[in-house]
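I have placed the structure first, in the form of structure tokens, so that the comments after it can refer back to it.
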Amino acid sequence: MKVSKTLLLLVLTFFLVGCSQDDSEVEGTSSVLSVSVRAGSNDQVSFPVYVYVFKGESCLLREFIESAQEELSLNLESGVYDLYSVAGISQERYHIPSAAQADKSTMILLKEGLYAHNDLQAAYNRVTVGGNMQPLEIQLKRKVVYLDKISVSNVPLDATSVKVSISSFRPALCVNGEGAGDPHSFVVTLNRENESSTTWSDLSGYFLIPTAEKAQITVSVTSGSGEKSYSYTANEAFEANRIYAISGSCATSVFNLSGRFIAEDWNKTPIDLEFTLTEGGESSSGNEETDEPSGGNNETGIQVGAAYNGCCVIAAEGKQLTLLSPEDITCYFTGMESVYEMNQVMSAKLATFGAAGLSGWRVMNRTESDYVYNHVDVVNQALESIENSQPLVSGKRYLWFDGTSYFAMKLGQVMQGNDWSSSTLIRPVVTVTL
């Protein structure tokens, strides 16, 4: 589906044509409201345009304009009217209420079996009819988002299904142009690009009516080992008049999913948000501030900063401990690699890492790296009590991951930053439950 990226402008010009009258003329005189539709140079109006004419709470008329070449003439008595214009609804796809059926909150619903909308636009204006010619311009606003492309790469070859559930959206617009109906998820079943491909995608393109709730994406991959699901909640809601693309990549050895969530105005530069999804869990975009690992709700009796099971405890919460490995993994990165490329390297190394007889090791997150950076002496004191452990070394670069990108912190700097070299260390962490 081809979508133009130029912000549309719809102008409805109203010419009030009638007998000459002065200010003392009583209400009830009939006037003609002549409505013409004009679009921008790219003819981007979503025709037909339906116009509902209200006086107070009563809908008097429902008319429509099929093209920019048409005009609409309405016989109205002098008075004040509310005009609600809805563009993009068609008899083939929508249940369009008549004037007798319509109030301002009446929903314009898709017909049975349809889930994605047309490019819906709407406008409201109050018009005073009576007197001389009174031109009025109103601008339609787009009420939908556009999902341009959805894809997941590096899917296991034995996968039989990949579905993406995206939340949340409204099922309908009201006559007054507002989204209505219970919020729901839009589910897309992706297709494998070819028999030997590990990329699954859907390029159909969908118009949907957003809610004010934070955007959420859930990816479900079904393979011989069952179904695995991953969820991501953005910091913001979907916004009308934006184009979105979602792309993910599975790191199969640990079955993480990383990717991009791209938002673009029809006429502006894209906003590119990367994310990583972990099996059975949820990760955010990494834009929120974090605190140091907590020890305040510690039910284990083991203190943060202590040695435990051949590791250093860097967080304790409830019955869970986060342990810092007694040894490093060396990687070679320049900082120019993509998140996907780094995931591949990281996953392969961590899959075979078995320090302290434990599995499930991962890269430090921002909170954990902050603790290590600010408590090097405490950590090294615990490591010194562990046989054959490697201390943290000032000047070395240690990798951490914020849910969006990888960073390298150089111990000994005045502030923690992102300092790459050809040799970067992973000091893995693992969370265990006692």
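Every chain in the structure tokens has a letter given in the order shown (A, B, ...), and although residue numbers restart at 1 in each chain, ligands are simply numbered from 1 in the order shown.
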task: Can you pull out every residue within 7 Å of region 41-58 of chain A, counting only C-alpha atoms, but drop anything in the same chain fewer than 2 positions away, and send it as an MDAnalysis selection string?
output: chainID A and resid 8 10 39 60:67 80:90 103 119:120
Just-selected residues, C-alpha atoms written as a PDB file, in the first residue's frame:
```pdb
ATOM      1  CA  LEU A   8      -2.385  16.642   3.644  1.00  0.00           C
ATOM      2  CA  LEU A  10      -8.220  19.625   3.033  1.00  0.00           C
ATOM      3  CA  ALA A  39      -7.063  19.298  -1.743  1.00  0.00           C
ATOM      4  CA  LEU A  60     -30.240  17.404  10.424  1.00  0.00           C
ATOM      5  CA  LEU A  61     -28.337  16.224   7.364  1.00  0.00           C
ATOM      6  CA  ARG A  62     -25.726  13.760   6.181  1.00  0.00           C
ATOM      7  CA  GLU A  63     -24.212  14.425   2.773  1.00  0.00           C
ATOM      8  CA  PHE A  64     -21.035  13.334   1.070  1.00  0.00           C
ATOM      9  CA  ILE A  65     -18.534  14.602  -1.491  1.00  0.00           C
ATOM     10  CA  GLU A  66     -16.940  12.026  -3.781  1.00  0.00           C
ATOM     11  CA  SER A  67     -14.174  14.070  -5.400  1.00  0.00           C
ATOM     12  CA  VAL A  80     -25.604  28.167  14.261  1.00  0.00           C
ATOM     13  CA  TYR A  81     -24.601  24.680  13.079  1.00  0.00           C
ATOM     14  CA  ASP A  82     -21.923  22.158  13.994  1.00  0.00           C
ATOM     15  CA  LEU A  83     -20.350  20.446  10.994  1.00  0.00           C
ATOM     16  CA  TYR A  84     -18.463  17.177  11.462  1.00  0.00           C
ATOM     17  CA  SER A  85     -16.563  15.935   8.413  1.00  0.00           C
ATOM     18  CA  VAL A  86     -15.151  12.405   8.208  1.00  0.00           C
ATOM     19  CA  ALA A  87     -12.987  11.452   5.228  1.00  0.00           C
ATOM     20  CA  GLY A  88     -11.968   7.997   4.027  1.00  0.00           C
ATOM     21  CA  ILE A  89     -15.072   6.030   4.979  1.00  0.00           C
ATOM     22  CA  SER A  90     -16.735   4.122   2.162  1.00  0.00           C
ATOM     23  CA  ASP A 103     -25.464  11.602  17.139  1.00  0.00           C
ATOM     24  CA  ASP A 119      -6.660   6.616   5.767  1.00  0.00           C
ATOM     25  CA  LEU A 120      -9.198   8.304   8.035  1.00  0.00           C
TER      26      LEU A 120
END
```
Counting only C-alpha atoms, what are the residues of region 79-161 of chain A within 10 Å of region 190-206 of chain A, and for each of them which pair of atoms is the nearest and at what distance in Å, to one decimal? Sort the table by chain and rising number, as CSV.
```
residue,atom,partner,partner_atom,distance
A:Tyr115,CA,A:Tyr206,CA,9.1
A:Ala116,CA,A:Tyr206,CA,5.7
A:His117,CA,A:Tyr206,CA,7.1
A:Asn118,CA,A:Tyr206,CA,8.2
A:Asp119,CA,A:Tyr206,CA,9.1
A:Val144,CA,A:Tyr206,CA,9.4
A:Val145,CA,A:Tyr206,CA,8.1
A:Tyr146,CA,A:Tyr206,CA,5.5
A:Leu147,CA,A:Tyr206,CA,5.1
A:Asp148,CA,A:Gly205,CA,4.6
A:Lys149,CA,A:Leu203,CA,4.9
A:Ile150,CA,A:Asp202,CA,5.4
A:Ser151,CA,A:Ser201,CA,4.0
A:Val152,CA,A:Trp200,CA,5.3
A:Ser153,CA,A:Thr199,CA,4.0
A:Asn154,CA,A:Thr198,CA,4.9
A:Val155,CA,A:Thr198,CA,4.9
A:Pro156,CA,A:Thr198,CA,6.4
A:Leu157,CA,A:Thr198,CA,6.1
A:Asp158,CA,A:Thr198,CA,9.4
A:Ala159,CA,A:Thr198,CA,8.8
A:Thr160,CA,A:Arg192,CA,9.0
A:Ser161,CA,A:Leu190,CA,7.5
```
query: Do you have the CA of Pro428 (chain A)-CA of Ile302 (chain A) distance handy?
result: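 If I compute the distance from CA of Pro428 (chain A) to CA of Ile302 (chain A), I get 19.9 Å.
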message: Residues of region 42-92 of chain A classed as strand (DSSP E or B) by DSSP on the backbone are to be reported as number ranges by chain.
response: A: 49-55, 58-65, 71-77, 79-87
For C-alpha atoms, I'd like the residues from the last selection saved as a PDB file, in the first residue's frame.
```
ATOM      1  CA  VAL A  49     -15.865  12.952   2.610  1.00  0.00           C
ATOM      2  CA  TYR A  50     -19.052  12.659   4.672  1.00  0.00           C
ATOM      3  CA  VAL A  51     -20.435  15.842   6.230  1.00  0.00           C
ATOM      4  CA  TYR A  52     -22.818  15.644   9.189  1.00  0.00           C
ATOM      5  CA  VAL A  53     -24.736  18.838   9.982  1.00  0.00           C
ATOM      6  CA  PHE A  54     -25.926  19.270  13.584  1.00  0.00           C
ATOM      7  CA  LYS A  55     -28.067  21.909  15.204  1.00  0.00           C
ATOM      8  CA  SER A  58     -29.815  16.858  16.548  1.00  0.00           C
ATOM      9  CA  CYS A  59     -28.321  15.721  13.250  1.00  0.00           C
ATOM     10  CA  LEU A  60     -30.240  17.404  10.424  1.00  0.00           C
ATOM     11  CA  LEU A  61     -28.337  16.224   7.364  1.00  0.00           C
ATOM     12  CA  ARG A  62     -25.726  13.760   6.181  1.00  0.00           C
ATOM     13  CA  GLU A  63     -24.212  14.425   2.773  1.00  0.00           C
ATOM     14  CA  PHE A  64     -21.035  13.334   1.070  1.00  0.00           C
ATOM     15  CA  ILE A  65     -18.534  14.602  -1.491  1.00  0.00           C
ATOM     16  CA  GLU A  71     -19.704  20.771  -4.785  1.00  0.00           C
ATOM     17  CA  LEU A  72     -22.360  20.307  -2.157  1.00  0.00           C
ATOM     18  CA  SER A  73     -25.296  22.693  -1.696  1.00  0.00           C
ATOM     19  CA  LEU A  74     -27.337  22.603   1.507  1.00  0.00           C
ATOM     20  CA  ASN A  75     -30.538  24.552   2.203  1.00  0.00           C
ATOM     21  CA  LEU A  76     -30.365  25.715   5.820  1.00  0.00           C
ATOM     22  CA  GLU A  77     -32.253  28.187   7.913  1.00  0.00           C
ATOM     23  CA  GLY A  79     -28.639  29.852  12.754  1.00  0.00           C
ATOM     24  CA  VAL A  80     -25.604  28.167  14.261  1.00  0.00           C
ATOM     25  CA  TYR A  81     -24.601  24.680  13.079  1.00  0.00           C
ATOM     26  CA  ASP A  82     -21.923  22.158  13.994  1.00  0.00           C
ATOM     27  CA  LEU A  83     -20.350  20.446  10.994  1.00  0.00           C
ATOM     28  CA  TYR A  84     -18.463  17.177  11.462  1.00  0.00           C
ATOM     29  CA  SER A  85     -16.563  15.935   8.413  1.00  0.00           C
ATOM     30  CA  VAL A  86     -15.151  12.405   8.208  1.00  0.00           C
ATOM     31  CA  ALA A  87     -12.987  11.452   5.228  1.00  0.00           C
TER      32      ALA A  87
END
```
- request: Calculate how many Å separate CA of Leu109 (chain A) from CA of Tyr94 (chain A), rounding to one decimal.
  value: 5.6 Å
Of the listed residues A:Ala172, A:Val221, A:Val432, A:Ala351, that which approaches Ala316 (chain A) most closely, counting only C-alpha atoms: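 When distances to Ala316 (chain A) are compared using only C-alpha atoms, the smallest one comes from A:Val432.
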- prompt: With distances taken over only C-alpha atoms, which of A:Ser359, A:Val372, A:Asn365, A:Ser325 is nearest to Val429 (chain A)?
  reply: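 Among A:Ser359, A:Val372, A:Asn365, A:Ser325, it is A:Ser325 that comes nearest to Val429 (chain A).
For the atom pair formed by CA of His95 (chain A) and CA of Asn176 (chain A), the distance is 15.4 Å, given to one decimal.
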- prompt: A:Val430, A:Leu110, A:Ile243, A:Ile166: which is nearest Ala215 (chain A), counting only C-alpha atoms?
  reply: A:Ile166
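With only C-alpha atoms as the atoms that count, the residue of A:Glu368, A:Asp328, A:Glu387, A:Glu70 with the shortest distance to Ile314 (chain A) is A:Glu368.
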